[in-house]
Every structure is written in C-alpha cells, then in structure tokens.
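Printed here is data_4.cif (mmCIF, C-alpha atoms):
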```
data_data
#
loop_
_atom_site.label_atom_id
_atom_site.label_comp_id
_atom_site.auth_asym_id
_atom_site.auth_seq_id
_atom_site.Cartn_x
_atom_site.Cartn_y
_atom_site.Cartn_z
CA MET B 148 -4.39 10.15 -11.71
CA MET B 149 -0.88 10.01 -13.09
CA ALA B 150 2.01 8.19 -11.52
CA VAL B 151 5.19 10.08 -10.87
CA SER B 152 7.94 8.50 -12.93
CA TYR B 153 11.20 8.44 -11.03
CA SER B 154 14.33 6.42 -10.49
CA LEU B 155 16.47 6.22 -7.39
CA CYS B 156 20.05 7.37 -7.26
CA PRO B 157 22.45 5.02 -9.09
CA GLN B 158 25.33 3.48 -7.19
CA SER B 159 27.76 5.80 -8.97
CA LEU B 160 28.07 8.31 -11.79
CA ARG B 161 30.70 7.45 -14.39
CA VAL B 162 32.74 10.30 -15.81
CA SER B 163 34.69 9.73 -19.03
CA SER B 164 38.48 10.14 -19.09
CA GLY B 165 39.52 13.76 -19.48
CA ALA B 166 36.03 15.08 -18.76
CA ARG B 167 35.35 17.64 -16.07
CA LEU B 168 32.29 17.48 -13.81
CA CYS B 169 31.77 19.73 -10.81
CA ILE B 170 28.86 18.95 -8.52
CA SER B 171 27.83 20.95 -5.50
CA GLY B 172 25.95 19.41 -2.58
CA GLY B 173 25.63 20.62 0.98
CA GLY B 174 28.40 23.18 0.51
CA ASN B 175 30.96 20.71 -0.91
CA ILE B 176 32.36 20.57 -4.45
CA TRP B 177 33.90 17.60 -6.21
CA ASP B 178 36.16 18.13 -9.23
CA THR B 179 36.43 14.99 -11.34
CA HIS B 180 38.99 16.31 -13.84
CA LYS B 181 41.32 13.32 -13.85
CA LYS B 182 43.11 11.27 -16.48
CA LYS B 183 41.21 8.12 -15.74
CA THR B 184 37.57 7.37 -15.09
CA ARG B 185 36.34 8.35 -11.63
CA HIS B 186 33.19 7.27 -9.77
CA LEU B 187 31.17 9.77 -7.80
CA VAL B 188 29.25 7.89 -5.14
CA CYS B 189 25.94 9.53 -4.27
CA ALA B 190 26.27 8.70 -0.57
CA SER B 191 29.25 11.03 -0.36
CA THR B 192 27.05 14.13 -0.55
CA GLU B 193 24.84 15.59 2.13
CA ARG B 194 21.85 15.99 -0.18
CA PRO B 195 22.56 13.61 -3.07
CA VAL B 196 19.17 12.98 -4.58
CA LYS B 197 17.91 16.55 -4.30
CA ASP B 198 20.94 17.88 -6.18
CA PHE B 199 21.48 15.53 -9.08
CA CYS B 200 19.97 12.04 -8.80
CA ILE B 201 16.30 12.71 -9.67
CA GLU B 202 15.32 12.21 -13.29
CA SER B 203 14.22 15.34 -15.09
CA LYS B 204 10.73 13.93 -15.61
CA ALA B 205 10.09 13.83 -11.86
CA GLN B 206 11.33 17.41 -11.52
CA THR B 207 9.07 18.51 -14.35
CA LEU B 208 6.06 16.88 -12.73
CA LEU B 209 6.79 18.61 -9.44
CA ASP B 210 7.08 21.92 -11.31
CA GLY B 211 3.49 21.33 -12.42
CA VAL B 212 2.12 20.80 -8.90
CA LYS B 213 -0.19 23.60 -7.77
CA TRP B 214 1.55 24.33 -4.49
CA ASP B 215 -0.37 26.74 -2.27
CA ASP B 216 0.94 30.16 -1.23
CA LYS B 217 3.13 28.41 1.38
CA GLY B 218 4.53 25.93 -1.13
CA LEU B 219 2.44 23.03 0.19
CA ALA B 220 0.04 20.44 -1.20
CA VAL B 221 -2.13 17.84 0.52
CA ALA B 222 -0.35 14.48 0.78
CA ILE B 223 -2.36 11.33 1.53
CA ALA B 224 -0.78 8.01 2.52
CA GLN B 225 -2.61 4.91 1.28
CA ASN B 226 -1.95 1.22 1.99
CA VAL B 227 -0.75 -0.40 -1.24
CA ASP B 228 -2.38 -3.74 -0.37
CA THR B 229 -5.62 -2.90 1.45
CA GLY B 230 -6.41 0.43 -0.18
CA ALA B 231 -6.99 1.92 3.29
CA ILE B 232 -6.34 5.64 3.69
CA LEU B 233 -3.70 5.74 6.41
CA MET B 234 -3.24 9.45 7.09
CA GLN B 235 -3.28 12.90 5.56
CA GLY B 236 -0.66 15.60 5.88
CA PHE B 237 1.05 18.26 3.82
CA ALA B 238 4.14 18.09 1.65
CA ASN B 239 6.35 20.60 -0.11
CA ARG B 240 8.79 19.89 -2.93
CA ASP B 241 11.57 18.83 -0.56
CA ALA B 242 9.24 16.42 1.26
CA VAL B 243 8.30 14.71 -2.00
CA LEU B 244 11.91 14.52 -3.15
CA THR B 245 12.94 13.08 0.21
CA THR B 246 10.14 10.53 -0.08
CA ILE B 247 11.38 9.51 -3.53
CA SER B 248 14.94 9.23 -2.25
CA SER B 249 14.31 7.41 1.03
CA ARG B 250 11.19 5.45 0.04
CA LYS B 251 9.72 6.56 3.40
CA ALA B 252 6.61 8.77 3.48
CA THR B 253 7.83 12.26 4.35
CA PHE B 254 5.68 15.32 5.06
CA TYR B 255 6.08 18.98 6.01
CA SER B 256 5.05 19.98 9.52
CA ARG B 257 3.27 23.33 9.44
CA SER B 258 3.49 23.71 13.22
CA ARG B 259 7.24 23.02 13.37
CA SER B 260 8.10 24.42 9.93
CA MET B 261 10.23 21.39 9.04
CA LEU B 262 10.20 18.08 7.21
CA TRP B 263 9.25 14.96 9.14
CA THR B 264 9.23 11.32 8.13
CA LYS B 265 6.36 9.23 9.39
CA GLY B 266 7.86 6.68 11.79
CA GLU B 267 11.00 8.60 12.69
CA THR B 268 9.94 8.35 16.36
CA SER B 269 7.63 5.33 16.49
CA MET B 270 9.55 3.34 13.81
CA ASN B 271 6.19 2.70 12.13
CA PHE B 272 7.41 3.87 8.74
CA ILE B 273 5.28 3.89 5.60
CA ASN B 274 7.43 2.23 2.91
CA ILE B 275 6.65 3.81 -0.43
CA HIS B 276 5.91 1.76 -3.56
CA ASP B 277 4.61 4.54 -5.79
CA ILE B 278 3.55 8.18 -5.81
CA PHE B 279 0.54 9.64 -7.63
CA LEU B 280 -0.64 13.15 -8.49
CA ASP B 281 -4.31 13.90 -9.02
CA CYS B 282 -5.64 15.33 -12.30
CA ASP B 283 -5.66 18.91 -10.95
CA ARG B 284 -2.09 18.58 -9.66
CA ASP B 285 -3.01 19.89 -6.21
CA SER B 286 -2.82 16.72 -4.11
CA ILE B 287 -0.47 13.76 -3.79
CA ILE B 288 -0.89 10.10 -2.84
CA TYR B 289 1.90 8.16 -1.19
CA LEU B 290 1.10 4.52 -1.97
CA GLY B 291 2.95 2.33 0.51
CA LYS B 292 3.16 -0.44 3.06
CA PRO B 293 3.06 0.56 6.76
CA ASP B 294 5.41 -1.10 9.24
CA GLY B 295 2.83 -0.80 12.01
CA PRO B 296 -0.09 1.33 13.22
CA THR B 297 -0.13 4.69 11.45
CA CYS B 298 -2.12 6.73 13.96
CA HIS B 299 -0.48 8.02 17.14
CA THR B 300 -3.44 6.48 19.01
CA GLY B 301 -2.29 3.01 17.97
CA SER B 302 -5.02 2.61 15.37
CA GLU B 303 -4.15 1.13 11.97
CA THR B 304 -5.21 4.38 10.29
CA CYS B 305 -6.10 7.88 11.38
CA TYR B 306 -9.62 7.38 9.99
CA TYR B 307 -11.72 5.47 12.52
CA THR B 308 -14.64 7.76 13.38
CA PRO B 309 -17.71 6.95 11.21
CA VAL B 310 -19.92 9.97 10.60
CA LEU B 311 -23.02 8.35 9.12
CA ASP B 312 -23.38 6.08 12.15
CA LEU B 313 -24.45 9.23 13.99
CA LYS B 314 -27.71 9.10 12.04
CA GLU B 315 -28.59 5.77 13.64
CA HIS B 316 -26.89 6.25 17.00
CA GLN B 317 -26.74 9.41 19.04
CA GLN B 318 -23.04 8.79 19.62
CA VAL B 319 -20.37 6.72 17.93
CA GLU B 320 -19.54 3.64 19.96
CA GLY B 321 -15.84 2.87 19.84
CA ASN B 322 -13.56 3.02 16.83
CA LYS B 323 -14.53 1.69 13.42
CA LEU B 324 -11.92 1.55 10.69
CA ALA B 325 -12.79 2.85 7.22
CA LEU B 326 -12.60 -0.57 5.56
CA THR B 327 -13.11 -1.36 1.89
CA THR B 328 -15.65 -4.06 0.96
CA LEU B 329 -13.29 -7.03 1.05
CA TYR B 330 -11.82 -6.00 4.39
CA SER B 331 -15.24 -5.32 5.88
CA LEU B 332 -16.14 -8.92 5.02
CA GLU B 333 -12.89 -10.13 6.58
CA SER B 334 -13.68 -8.14 9.73
CA THR B 335 -17.15 -9.67 9.98
CA ILE B 336 -15.79 -13.19 9.54
CA SER B 337 -13.14 -12.54 12.21
CA GLN B 338 -15.86 -11.30 14.56
CA ARG B 339 -17.89 -14.49 14.01
CA LYS B 340 -14.78 -16.54 14.75
CA ALA B 341 -14.21 -14.66 18.00
CA GLU B 342 -17.81 -15.27 19.02
CA LEU B 343 -17.45 -19.04 18.67
CA ALA B 344 -15.54 -19.38 21.94
CA ALA B 345 -18.29 -17.68 23.92
CA GLU B 346 -21.14 -19.38 22.10
CA GLU B 347 -23.00 -22.17 23.84
CA ASN B 348 -26.22 -23.72 22.61
CA GLY B 349 -28.30 -22.05 20.00
CA LYS B 350 -28.57 -21.74 16.24
CA SER B 351 -25.28 -20.81 14.60
CA SER B 352 -24.97 -18.53 11.59
CA TRP B 353 -23.78 -20.03 8.30
CA THR B 354 -20.37 -18.43 8.76
CA LYS B 355 -19.98 -19.97 12.22
CA ARG B 356 -20.98 -23.39 10.89
CA LEU B 357 -18.31 -23.12 8.21
CA LEU B 358 -15.75 -22.02 10.78
CA LYS B 359 -16.49 -25.04 12.93
CA HIS B 360 -16.61 -27.71 10.22
CA ASN B 361 -13.62 -27.95 7.88
CA ASP B 362 -15.16 -30.67 5.73
CA LEU B 363 -18.27 -28.56 5.09
CA LEU B 364 -16.15 -25.51 4.28
CA CYS B 365 -13.91 -27.35 1.80
CA SER B 366 -16.86 -28.98 0.08
CA LYS B 367 -18.53 -25.58 -0.36
CA ILE B 368 -15.37 -24.03 -1.82
CA ARG B 369 -15.13 -26.85 -4.36
CA GLU B 370 -18.84 -26.56 -5.13
CA GLU B 371 -18.75 -22.80 -5.64
CA ALA B 372 -15.59 -23.00 -7.77
CA GLU B 373 -17.35 -25.50 -10.01
CA GLU B 374 -20.36 -23.19 -10.32
CA LEU B 375 -18.05 -20.35 -11.29
CA CYS B 376 -16.45 -22.43 -14.04
CA LYS B 377 -19.88 -23.34 -15.38
CA THR B 378 -20.66 -19.69 -16.04
CA LEU B 379 -17.81 -19.74 -18.55
CA GLU B 380 -18.48 -23.19 -19.98
CA GLU B 381 -22.21 -22.52 -20.39
CA ASN B 382 -21.78 -18.89 -21.46
CA GLU B 383 -23.92 -17.50 -18.66
CA ASP B 384 -24.40 -13.75 -18.23
CA LYS B 385 -22.06 -11.44 -16.34
CA SER B 386 -24.29 -11.05 -13.31
CA ARG B 387 -24.26 -14.82 -12.78
CA THR B 388 -20.46 -14.87 -12.99
CA ALA B 389 -20.20 -12.01 -10.49
CA SER B 390 -22.58 -13.81 -8.11
CA GLU B 391 -20.67 -17.09 -8.25
CA MET B 392 -17.34 -15.30 -7.81
CA ALA B 393 -18.75 -13.59 -4.72
CA ASP B 394 -19.60 -17.02 -3.31
CA VAL B 395 -16.08 -18.30 -4.03
CA LEU B 396 -14.50 -15.26 -2.38
CA TYR B 397 -16.70 -15.47 0.69
CA HIS B 398 -16.05 -19.17 1.34
CA ALA B 399 -12.33 -18.82 0.57
CA MET B 400 -12.08 -15.96 3.05
CA VAL B 401 -13.68 -18.10 5.73
CA LEU B 402 -10.94 -20.66 5.09
CA LEU B 403 -8.34 -17.90 5.47
CA ALA B 404 -9.87 -17.01 8.84
CA VAL B 405 -9.64 -20.64 9.95
CA LYS B 406 -5.97 -20.65 8.97
CA ASP B 407 -5.35 -17.22 10.57
CA VAL B 408 -4.26 -15.78 7.24
CA LYS B 409 -5.09 -12.14 6.44
CA ILE B 410 -6.37 -11.10 3.03
CA GLU B 411 -3.61 -8.47 3.15
CA ASP B 412 -1.07 -11.32 3.16
CA VAL B 413 -2.67 -12.64 -0.02
CA MET B 414 -2.61 -9.20 -1.64
CA GLN B 415 1.07 -8.84 -0.81
CA VAL B 416 1.86 -12.18 -2.50
CA LEU B 417 -0.08 -11.06 -5.59
CA ARG B 418 1.79 -7.74 -5.71
CA GLN B 419 5.15 -9.52 -5.48
CA ARG B 420 4.17 -11.64 -8.48
CA PHE B 421 3.44 -8.64 -10.72
CA SER B 422 7.00 -8.63 -12.08
CA GLN B 423 7.18 -12.41 -12.40
CA SER B 424 5.53 -14.54 -15.07
CA GLY B 425 3.12 -17.24 -13.96
CA ILE B 426 5.35 -19.92 -15.45
CA GLU B 427 8.40 -18.66 -13.53
CA GLU B 428 6.41 -18.41 -10.31
CA LYS B 429 5.14 -21.98 -10.66
CA ARG B 430 8.62 -23.29 -11.38
CA SER B 431 9.91 -21.46 -8.30
CA ARG B 432 7.30 -23.09 -6.06
CA ILE B 433 8.02 -26.54 -7.50
CA SER B 434 11.77 -26.14 -6.94
CA GLN B 435 11.17 -25.14 -3.30
CA SER B 436 8.90 -28.11 -2.58
#
```
Write out the structure in this file as structure tokens.
Amino acid sequence: MMAVSYSLCPQSLRVSSGARLCISGGGNIWDTHKKKTRHLVCASTERPVKDFCIESKAQTLLDGVKWDDKGLAVAIAQNVDTGAILMQGFANRDAVLTTISSRKATFYSRSRSMLWTKGETSMNFINIHDIFLDCDRDSIIYLGKPDGPTCHTGSETCYYTPVLDLKEHQQVEGNKLALTTLYSLESTISQRKAELAAEENGKSSWTKRLLKHNDLLCSKIREEAEELCKTLEENEDKSRTASEMADVLYHAMVLLAVKDVKIEDVMQVLRQRFSQSGIEEKRSRISQS
C-alpha cells in the first residue's frame, strides 16, 4: 500500500506586492491586485480545499485511482490503534478530498446520490490520521480514531457476525467482534475478570488467580521480564525470545485489566510518542511529576 501524501490548507496564501491572483470558489472571485501584500484566508471560500489547497501530489494520486463507471471506489475505515475494520462504504473524488480537508471519514451514498460524513447524525465521527491506496489503486483505507460506536446498531464495528462459527454451531450466538490477536486476548481476560464476581468455590484458572492476587501478578511480570532479558544476554534463539515476550505481554495485560486500562489506551500513548524522541518524552514526564 502507498500512503496518500497531503497537507491541509494553510492559514493564508501570501501574494507578493503588485502580483495578481484570481481564485474562483463556489461562484465567487477574489482579485488580489493591490499595492501591498494581501492574505487570502481559505475559510472565506465555500469550497476552499477542493479548489486550491490540496497539494498537486494528492491530486495526482487521485487521478490514478481506478474509479468504477460511476466514479466510485471502495473505502474502508480502520481503527488506527486497534487495527479493527470499522466499516466499508464507497467514495468518489470529492469524498476523499473532503476527508482530507475535514479529517473526518466521508463517503458517497449511492442510495441518496450525495456525500455523507460518518457521524454527522450520531456525532460518532471517525477522525482521520492517514489515508492509504492499495497497490491496484481500486480501494482506499481511511485510517482513523472513532469517537464512538461505528455501526448504527451500537456495535464498535460493522463486522460482528463470525462466519466460520457456523461450522461448529448451527447458528451464530450473539455478536462477536472481529478482533485481532492482542484484542482477542484482552477480551478473554476481561471475560475472566467479569466471571470472578459470580464465582464461588472451585478451581480458578491461572488468569483468575492473577486477577485476584496482585502480589502474584507483579512477581510474575518481574520474573517474565527477567527471562526475556536473558534471551538477549545469553544469545538464545528467536523462538525463545518470542515465547518469553508472549509471557510478558500476557501478564502485563492482566495487570491492565486489574487497573481497568484498555490496550487501546496504551496504543494511543505510543502513537502520540512517534513524533517525540524518547529523551524528550522522559524529560516531559519528569517535569510533570
């Protein structure tokens, strides 16, 4: 896949003294032929970004999209932190340009023959962080952070009906989100935590024991972290390192469940640190403490 390179509209366009610049937008024309420098504010036009604020590279990429005979391409919204597929719709050129401009996932409604922004009614917008085209240039990914449930049913995503479960069960029981590995583990741990309240006597699972005993949990995290470090210090093979890291992740995620912290919260913190050096981030935490 290839990321669409774009920049949002600048606060103003500077026109040199004596220069002449006429820009049309929404039926209006501005003539900047003045003796001194003028500033053309993008917000003063009805369609600012579509007319002149998109970089040529983004326009060129959209020219290369294989729009169908109706000028549409499949557009998929994906959670930037969890990787979950949120929804699928269709987009035309204007929908993509509006998405770039507003940073809100925007699609084209085939039934209503008009653009629509996800969340314009429910306020559950999908806030865009990046946009990707596939290698064949016939589908688009909106990579973003949802403000709330994406599906009109109230589900986190529109994908909650597992097909392969039909092989084991004659009918699908309830909704089951299409979770990636890490989030499936988080879901299982959360389920074990919920079961603790109803549990009476009987043998507890290892996860439930960890959930109930903080000292045991912390000792295991320290133990597994030490084992992970040993794979580096003793030059053990990759499979051993992967196994020990899996143990660290599992026990750390149990601790997150105890603290009612979602792995998505952790991913969001990591993403926010991408543009900040580790040294700067550490200094920032020290100064706040």
Find the residues of range 183-298 of chain B that sit at most 8 Å from range 326-342 of chain B; for each, write down the nearest two atoms and how far apart they are in Å, to one decimal. Count all atoms listed in the file. Sort by chain, then by number going up, and give it as JSON lines.
```
{"residue": "B:Thr229", "atom": "CA", "partner": "B:Tyr330", "partner_atom": "CA", "distance": 7.5}
{"residue": "B:Gly230", "atom": "CA", "partner": "B:Thr327", "partner_atom": "CA", "distance": 7.2}
{"residue": "B:Ala231", "atom": "CA", "partner": "B:Leu326", "partner_atom": "CA", "distance": 6.5}
```
Query raised in the report: For the atom pair CA of Asn361 in chain B and CA of Leu375 in chain B, what is the interatomic distance in Å to one decimal place?
Result: 21.1 Å
Requested in this report: Could you jot down the CA of Pro309 in chain B to CA of Gln225 in chain B separation for me, Å, one decimal place?
Outcome: 18.2 Å
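The list of residues with at least one atom within 7 Å of range 390-397 of chain B, based on all atoms listed in the file and without residues fewer than 3 positions apart in the same chain, reads Ile368, Glu371, Ala372, Glu374, Leu375, Ser386, Arg387, Met400 and Val401 of chain B.
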Based on the selection just made, write C-alpha atoms of those residues as a CSV table (one decimal), in the frame of the given file.
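Below is the file that was written, part-v3.csv:
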```
chain,number,residue,atom,x,y,z
B,368,ILE,CA,-15.4,-24.0,-1.8
B,371,GLU,CA,-18.8,-22.8,-5.6
B,372,ALA,CA,-15.6,-23.0,-7.8
B,374,GLU,CA,-20.4,-23.2,-10.3
B,375,LEU,CA,-18.0,-20.4,-11.3
B,386,SER,CA,-24.3,-11.0,-13.3
B,387,ARG,CA,-24.3,-14.8,-12.8
B,400,MET,CA,-12.1,-16.0,3.0
B,401,VAL,CA,-13.7,-18.1,5.7
```
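The smallest atom-to-atom distance between Arg240 in chain B and any of B:Val227, B:Leu208, B:Cys376, B:Val416, using all atoms listed in the file, is found for B:Leu208.
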Requested in this report: Enumerate, as a VMD selection string, the residues matched when the PyMOL selection byres ((chain B and resi 223) around 7) is run on the file above.
Outcome: chain B and resid 221 to 222 224 to 225 234 to 236 287 to 289
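Reported to one decimal place, the separation of CA of Lys409 in chain B from CA of Leu357 in chain B is 17.3 Å.
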